[in-house]
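Engineer: Coordinates in my_file30.cif, mmCIF, C-alpha atoms and all ligand atoms, are listed below.
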```cif
data_input
loop_
_atom_site.label_atom_id
_atom_site.label_comp_id
_atom_site.auth_asym_id
_atom_site.auth_seq_id
_atom_site.Cartn_x
_atom_site.Cartn_y
_atom_site.Cartn_z
CA MET A 1 8.45 37.26 -1.20
CA THR A 2 5.64 37.48 1.31
CA LEU A 3 5.41 39.53 4.47
CA PRO A 4 7.37 38.04 7.36
CA VAL A 5 5.35 36.03 9.88
CA ARG A 6 5.94 36.52 13.61
CA LEU A 7 6.06 33.31 15.62
CA SER A 8 6.04 34.18 19.31
CA THR A 9 6.36 30.71 20.80
CA LEU A 10 7.58 27.21 19.95
CA ASP A 11 3.94 26.13 19.62
CA ASP A 12 3.30 28.94 17.12
CA THR A 13 6.18 27.68 14.98
CA ARG A 14 4.91 24.11 15.10
CA ALA A 15 1.37 25.27 14.30
CA TYR A 16 2.66 27.20 11.30
CA GLY A 17 4.42 24.07 10.04
CA ALA A 18 1.17 22.11 10.38
CA LYS A 19 -0.67 24.78 8.37
CA LEU A 20 2.05 24.75 5.71
CA ALA A 21 1.68 20.98 5.40
CA GLY A 22 -1.81 21.58 4.02
CA VAL A 23 -0.42 23.00 0.77
CA LEU A 24 2.34 20.42 0.32
CA ARG A 25 2.27 17.87 -2.49
CA ALA A 26 4.28 14.85 -3.54
CA GLY A 27 7.64 15.86 -5.01
CA ASP A 28 7.88 19.12 -3.06
CA LEU A 29 11.19 20.48 -1.81
CA VAL A 30 11.22 22.81 1.20
CA VAL A 31 14.56 24.32 2.21
CA LEU A 32 14.83 25.61 5.78
CA ALA A 33 17.39 28.34 6.45
CA GLY A 34 18.39 30.21 9.58
CA PRO A 35 21.00 29.98 12.35
CA LEU A 36 21.43 27.35 15.06
CA GLY A 37 18.33 27.15 17.23
CA ALA A 38 16.24 29.28 14.88
CA GLY A 39 13.42 26.73 14.89
CA LYS A 40 14.00 24.76 11.68
CA THR A 41 13.43 21.42 13.38
CA ALA A 42 10.40 22.85 15.23
CA LEU A 43 8.91 23.85 11.88
CA ALA A 44 9.65 20.40 10.45
CA GLN A 45 7.91 18.85 13.47
CA GLY A 46 4.82 20.87 12.64
CA ILE A 47 4.97 19.76 9.02
CA GLY A 48 5.10 16.17 10.27
CA VAL A 49 2.04 16.76 12.44
CA GLY A 50 0.18 18.36 9.54
CA LEU A 51 0.99 15.45 7.23
CA GLY A 52 0.02 13.01 9.97
CA VAL A 53 3.25 11.03 9.80
CA ARG A 54 4.32 8.62 12.48
CA GLY A 55 6.49 10.63 14.80
CA PRO A 56 8.42 11.87 16.49
CA VAL A 57 10.18 14.25 14.12
CA VAL A 58 13.47 15.01 15.86
CA SER A 59 16.61 16.71 14.67
CA PRO A 60 18.37 14.49 12.11
CA THR A 61 21.70 16.19 12.81
CA PHE A 62 23.57 12.95 13.50
CA VAL A 63 21.75 10.58 11.18
CA ILE A 64 21.52 13.27 8.44
CA ALA A 65 18.21 11.94 7.08
CA ARG A 66 15.04 10.31 8.34
CA VAL A 67 11.96 9.13 6.48
CA HIS A 68 8.62 9.40 8.32
CA ARG A 69 5.81 7.36 6.84
CA GLY A 70 2.21 6.74 7.81
CA GLY A 71 0.85 10.17 6.86
CA ARG A 72 -0.81 11.77 3.84
CA LEU A 73 2.65 11.83 2.22
CA PRO A 74 6.01 10.47 3.39
CA LEU A 75 8.15 13.19 5.00
CA VAL A 76 11.87 13.02 4.25
CA HIS A 77 13.66 15.21 6.82
CA VAL A 78 17.32 15.98 6.15
CA ASP A 79 19.85 18.02 8.11
CA ALA A 80 22.50 19.11 5.59
CA TYR A 81 24.61 20.93 8.20
CA ARG A 82 27.42 18.39 7.90
CA LEU A 83 27.07 17.94 4.16
CA GLY A 84 29.36 20.04 2.04
CA SER A 85 27.74 19.92 -1.35
CA PHE A 86 24.96 18.68 -3.55
CA ALA A 87 27.03 15.60 -4.37
CA GLU A 88 26.97 14.53 -0.72
CA VAL A 89 23.22 15.07 -0.49
CA ASP A 90 22.71 13.12 -3.70
CA ASP A 91 24.82 10.27 -2.25
CA LEU A 92 22.58 9.80 0.78
CA ASP A 93 20.85 6.91 -0.94
CA LEU A 94 17.50 7.61 0.71
CA ASP A 95 15.26 4.58 0.74
CA VAL A 96 12.37 6.54 -0.74
CA ASP A 97 11.22 7.97 -4.06
CA LEU A 98 11.41 11.74 -3.72
CA ALA A 99 8.73 12.15 -6.40
CA ASP A 100 6.27 10.55 -3.95
CA SER A 101 7.44 12.44 -0.86
CA VAL A 102 7.85 15.84 0.71
CA LEU A 103 11.53 16.66 1.20
CA VAL A 104 12.37 19.13 3.98
CA VAL A 105 16.05 20.05 4.28
CA GLU A 106 17.55 22.05 7.16
CA TRP A 107 20.72 23.94 6.19
CA GLY A 108 19.96 23.07 2.57
CA SER A 109 20.44 26.47 0.93
CA GLY A 110 22.95 26.24 -1.91
CA LYS A 111 23.14 22.44 -1.63
CA VAL A 112 19.83 20.84 -2.57
CA GLU A 113 17.99 23.12 -4.97
CA GLN A 114 18.93 20.87 -7.90
CA LEU A 115 16.85 18.06 -6.45
CA ALA A 116 13.63 19.65 -7.76
CA ASP A 117 12.45 21.98 -10.53
CA SER A 118 11.06 24.40 -7.96
CA HIS A 119 11.29 24.84 -4.23
CA LEU A 120 10.14 26.86 -1.27
CA GLU A 121 12.83 28.43 0.85
CA ILE A 122 11.86 29.35 4.41
CA GLU A 123 14.12 31.54 6.46
CA LEU A 124 13.79 31.68 10.22
CA ALA A 125 15.42 34.53 12.10
CA ARG A 126 15.74 35.05 15.83
CA ALA A 127 16.39 38.16 17.83
CA PRO A 128 18.74 37.94 20.82
CA ASP A 129 16.99 37.46 24.18
CA SER A 130 13.62 36.77 22.60
CA GLU A 131 11.55 33.68 21.88
CA THR A 132 10.01 35.35 18.87
CA ARG A 133 11.04 33.99 15.49
CA THR A 134 10.45 35.73 12.19
CA LEU A 135 9.63 33.49 9.26
CA THR A 136 10.04 34.59 5.65
CA LEU A 137 8.80 32.52 2.71
CA ARG A 138 10.69 32.68 -0.57
CA PRO A 139 8.99 30.87 -3.45
CA HIS A 140 11.29 29.73 -6.26
CA GLY A 141 9.52 28.62 -9.43
CA GLY A 142 6.57 26.34 -9.96
CA ASP A 143 3.34 27.52 -8.38
CA TRP A 144 4.93 28.23 -5.00
CA ALA A 145 3.98 31.92 -5.09
CA GLU A 146 0.29 31.03 -5.44
CA ARG A 147 0.49 28.33 -2.80
CA VAL A 148 2.28 30.65 -0.39
CA ALA A 149 -0.32 33.37 -0.99
CA ALA A 150 -3.04 30.88 -0.06
CA LEU A 151 -1.39 30.43 3.34
CA SER A 152 -1.82 33.96 4.60
N1 LIG A 201 9.09 30.89 18.58
C1 LIG A 201 9.87 29.79 18.61
N2 LIG A 201 9.89 28.96 17.54
C2 LIG A 201 10.70 27.88 17.52
N3 LIG A 201 11.53 27.53 18.53
C3 LIG A 201 11.54 28.31 19.61
C4 LIG A 201 10.72 29.47 19.70
N4 LIG A 201 10.96 30.07 20.89
C5 LIG A 201 11.87 29.32 21.50
N5 LIG A 201 12.23 28.26 20.77
C6 LIG A 201 13.26 27.28 21.14
O1 LIG A 201 14.31 27.40 20.18
C7 LIG A 201 14.84 26.12 19.89
C8 LIG A 201 14.65 25.82 18.41
O2 LIG A 201 15.32 24.62 18.15
P1 LIG A 201 15.31 23.87 16.78
O3 LIG A 201 16.01 22.58 17.04
O4 LIG A 201 13.96 23.83 16.19
O5 LIG A 201 16.24 24.84 15.91
P2 LIG A 201 17.02 24.51 14.56
O6 LIG A 201 16.90 25.72 13.71
O7 LIG A 201 16.54 23.23 14.00
O8 LIG A 201 18.52 24.38 15.06
P3 LIG A 201 19.77 23.56 14.38
O9 LIG A 201 20.40 24.53 13.42
O10 LIG A 201 20.65 23.26 15.54
O11 LIG A 201 19.22 22.35 13.69
C9 LIG A 201 14.12 25.13 20.78
O12 LIG A 201 14.87 24.95 21.94
C10 LIG A 201 12.80 25.84 21.08
O13 LIG A 201 12.25 25.45 22.32
MG MG A 202 17.48 21.46 13.50
#
```
In structure tokens, what does this structure look like?
Structural biologist:
Amino acid sequence: MTLPVRLSTLDDTRAYGAKLAGVLRAGDLVVLAGPLGAGKTALAQGIGVGLGVRGPVVSPTFVIARVHRGGRLPLVHVDAYRLGSFAEVDDLDLDVDLADSVLVVEWGSGKVEQLADSHLEIELARAPDSETRTLTLRPHGGDWAERVAALS
């Protein structure tokens, strides 16, 4: 686990996502954790900017999943809030090959880890009455620890 990163504004969170995009490769799974309004979608927006996908990356809460093409890699953005289990995620029938894409899943902890051999979990925390978010990176397997170290 790396040191937590302080993100003081919405723009900081988006900029961090754009920086993170620089280390992402085809087949990657990034799981975004944290409470309502923590900034998971904001981070995903930054990842979309960094990959150069056709925008706009907006919350997929109601559609569950969106595929953004046109960038260095396709970005598959999923909101698993309404999905109960891995089986429901697996049933989404995404019109994309995950091996060729970056998969970013909000509310994915405990539901989507099986989709890849390794993953990066990112937890966003918010303090009451503050815009500041605290981001913690948790590498799980693969070379995520090295890639995360290269970010700081
Ligand atoms: N430092 C910050 N980083 C990110 N968002 C911030 C920050 N400060 C304030 N905000 C605000 O917090 C909200 C974050 O919303 P966002 O949709 O990204 O959260 P979320 O974690 O995806 O929520 P949900 O669980 O509902 O999907 C936005 O309204 C944004 O303007
Ligand atoms: Mg969201």
Engineer: Using 8 Å as the limit and counting all atoms listed in the file, can you tabulate each residue of chain A that touches ligand MG 202 (chain A), with its shortest atom-to-atom distance in Å and the two atoms involved, as a tab-separated table?
Structural biologist:
```
residue	atom	partner	partner_atom	distance
A:Leu36	CA	A:MG202	MG	7.3
A:Gly37	CA	A:MG202	MG	6.9
A:Gly39	CA	A:MG202	MG	6.8
A:Lys40	CA	A:MG202	MG	5.1
A:Thr41	CA	A:MG202	MG	4.1
A:Ala42	CA	A:MG202	MG	7.4
A:Val58	CA	A:MG202	MG	8.0
A:Ser59	CA	A:MG202	MG	5.0
A:Pro60	CA	A:MG202	MG	7.2
A:Thr61	CA	A:MG202	MG	6.8
A:Asp79	CA	A:MG202	MG	6.8
A:Glu106	CA	A:MG202	MG	6.4
```
Engineer: Just to confirm, what's the straight-line distance from CA of Leu151 in chain A to CA of Asp117 in chain A in Å (one decimal)?
Structural biologist: 21.3 Å
Engineer: Could you pull out every residue with an atom within 6 Å of (14.6, 21.0, 3.6), file coordinates, counting all atoms listed in the file, and send them as a PyMOL selection string?
Structural biologist: chain A and resi 30-32+103-106+108
Engineer: Let me make sure I understand: among A:Glu123, A:Asp91, A:Asp97, A:Asp129, which one has the smallest atom-to-atom distance to Leu43 in chain A if we use all atoms listed in the file?
Structural biologist: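 Of A:Glu123, A:Asp91, A:Asp97, A:Asp129, the one nearest Leu43 in chain A, counting all atoms listed in the file, is A:Glu123.
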Engineer: Find the spatial neighbours of Arg25 in chain A, counting only C-alpha atoms, within a cut-off of 10 Å - ignore same-chain residues fewer than 3 positions away - and output them as an mmCIF file with C-alpha atoms, keeping the file's coordinate frame.
Structural biologist:
```cif
data_model
loop_
_atom_site.group_PDB
_atom_site.id
_atom_site.type_symbol
_atom_site.label_atom_id
_atom_site.label_comp_id
_atom_site.auth_asym_id
_atom_site.auth_seq_id
_atom_site.Cartn_x
_atom_site.Cartn_y
_atom_site.Cartn_z
ATOM 1 C CA ALA A 21 1.680 20.980 5.400
ATOM 2 C CA GLY A 22 -1.810 21.580 4.020
ATOM 3 C CA ASP A 28 7.880 19.120 -3.060
ATOM 4 C CA LEU A 29 11.190 20.480 -1.810
ATOM 5 C CA ARG A 72 -0.810 11.770 3.840
ATOM 6 C CA LEU A 73 2.650 11.830 2.220
ATOM 7 C CA ALA A 99 8.730 12.150 -6.400
ATOM 8 C CA ASP A 100 6.270 10.550 -3.950
ATOM 9 C CA SER A 101 7.440 12.440 -0.860
ATOM 10 C CA VAL A 102 7.850 15.840 0.710
#
```
Engineer: Can I get the residues of range 24-93 of chain A within 7 Å of range 8-19 of chain A, each with the closest pair of atoms and their distance in Å to one decimal, using all atoms listed in the file, sorted chain first then ascending number, as JSON lines?
Structural biologist:
```
{"residue": "A:Ala42", "atom": "CA", "partner": "A:Arg14", "partner_atom": "CA", "distance": 5.6}
{"residue": "A:Leu43", "atom": "CA", "partner": "A:Gly17", "partner_atom": "CA", "distance": 4.9}
{"residue": "A:Ala44", "atom": "CA", "partner": "A:Gly17", "partner_atom": "CA", "distance": 6.4}
{"residue": "A:Gln45", "atom": "CA", "partner": "A:Arg14", "partner_atom": "CA", "distance": 6.3}
{"residue": "A:Gly46", "atom": "CA", "partner": "A:Arg14", "partner_atom": "CA", "distance": 4.1}
{"residue": "A:Ile47", "atom": "CA", "partner": "A:Gly17", "partner_atom": "CA", "distance": 4.5}
{"residue": "A:Val49", "atom": "CA", "partner": "A:Ala18", "partner_atom": "CA", "distance": 5.8}
{"residue": "A:Gly50", "atom": "CA", "partner": "A:Ala18", "partner_atom": "CA", "distance": 4.0}
```
Engineer: Go ahead and compute the interatomic distance for CA of Asp93 in chain A and CA of Val112 in chain A, in Å to one decimal.
Structural biologist: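 So the two atoms, CA of Asp93 in chain A and CA of Val112 in chain A, lie 14.1 Å apart.
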Engineer: Which one of A:Pro35, A:Pro56, A:Pro128, A:Pro4 sits closest to ligand LIG 201 (chain A) if you count all atoms listed in the file?
Structural biologist: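 Using all atoms listed in the file, the shortest distance to ligand LIG 201 (chain A) belongs to A:Pro35.
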Engineer: If I wrap all listed atoms of range 119-132 of chain A in a box with edges along x, y and z and add 5 Å on each side, what are its centre and edge lengths in Å to one decimal, as JSON?
Structural biologist:
```
{"center_x": 14.4, "center_y": 31.5, "center_z": 10.0, "size_x": 18.7, "size_y": 23.3, "size_z": 38.4}
```
Engineer: Grab the atom N5 of ligand LIG 201 (chain A) to CA of Arg147 in chain A distance for me, in Å with one decimal place.
Structural biologist: 26.3 Å
Engineer: Hey, what's within 9 Å of Ser118 in chain A if we count all atoms listed in the file and toss same-chain stuff fewer than 6 positions away? As an mmCIF file with C-alpha atoms, keeping the file's coordinate frame, please?
Structural biologist:
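Below is the file that was written, result-v9.cif:
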```cif
data_model
loop_
_atom_site.group_PDB
_atom_site.id
_atom_site.type_symbol
_atom_site.label_atom_id
_atom_site.label_comp_id
_atom_site.auth_asym_id
_atom_site.auth_seq_id
_atom_site.Cartn_x
_atom_site.Cartn_y
_atom_site.Cartn_z
ATOM 1 C CA ASP A 28 7.880 19.120 -3.060
ATOM 2 C CA LEU A 29 11.190 20.480 -1.810
ATOM 3 C CA PRO A 139 8.990 30.870 -3.450
ATOM 4 C CA HIS A 140 11.290 29.730 -6.260
ATOM 5 C CA GLY A 141 9.520 28.620 -9.430
ATOM 6 C CA GLY A 142 6.570 26.340 -9.960
ATOM 7 C CA ASP A 143 3.340 27.520 -8.380
ATOM 8 C CA TRP A 144 4.930 28.230 -5.000
#
```
Engineer: When distances are computed from only C-alpha atoms, which of A:Leu20, A:Ser85, A:Gly48, A:Leu3 shows the smallest separation from Leu120 in chain A?
Structural biologist: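 Residue with the minimum atom-to-atom distance to Leu120 in chain A: A:Leu20.
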Engineer: Here is a test: counting all atoms listed in the file, which residue of A:Val53, A:Ala65, A:Leu7, A:Leu75 is nearest to Leu92 in chain A?
Structural biologist: A:Ala65
Engineer: Point out the residue among A:Val148, A:Val5, A:Gly52, A:Val89 with the least atom-to-atom distance to ligand LIG 201 (chain A), counting only C-alpha atoms and all ligand atoms.
Structural biologist: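 Among the listed residues, the smallest separation from ligand LIG 201 (chain A) belongs to A:Val5.
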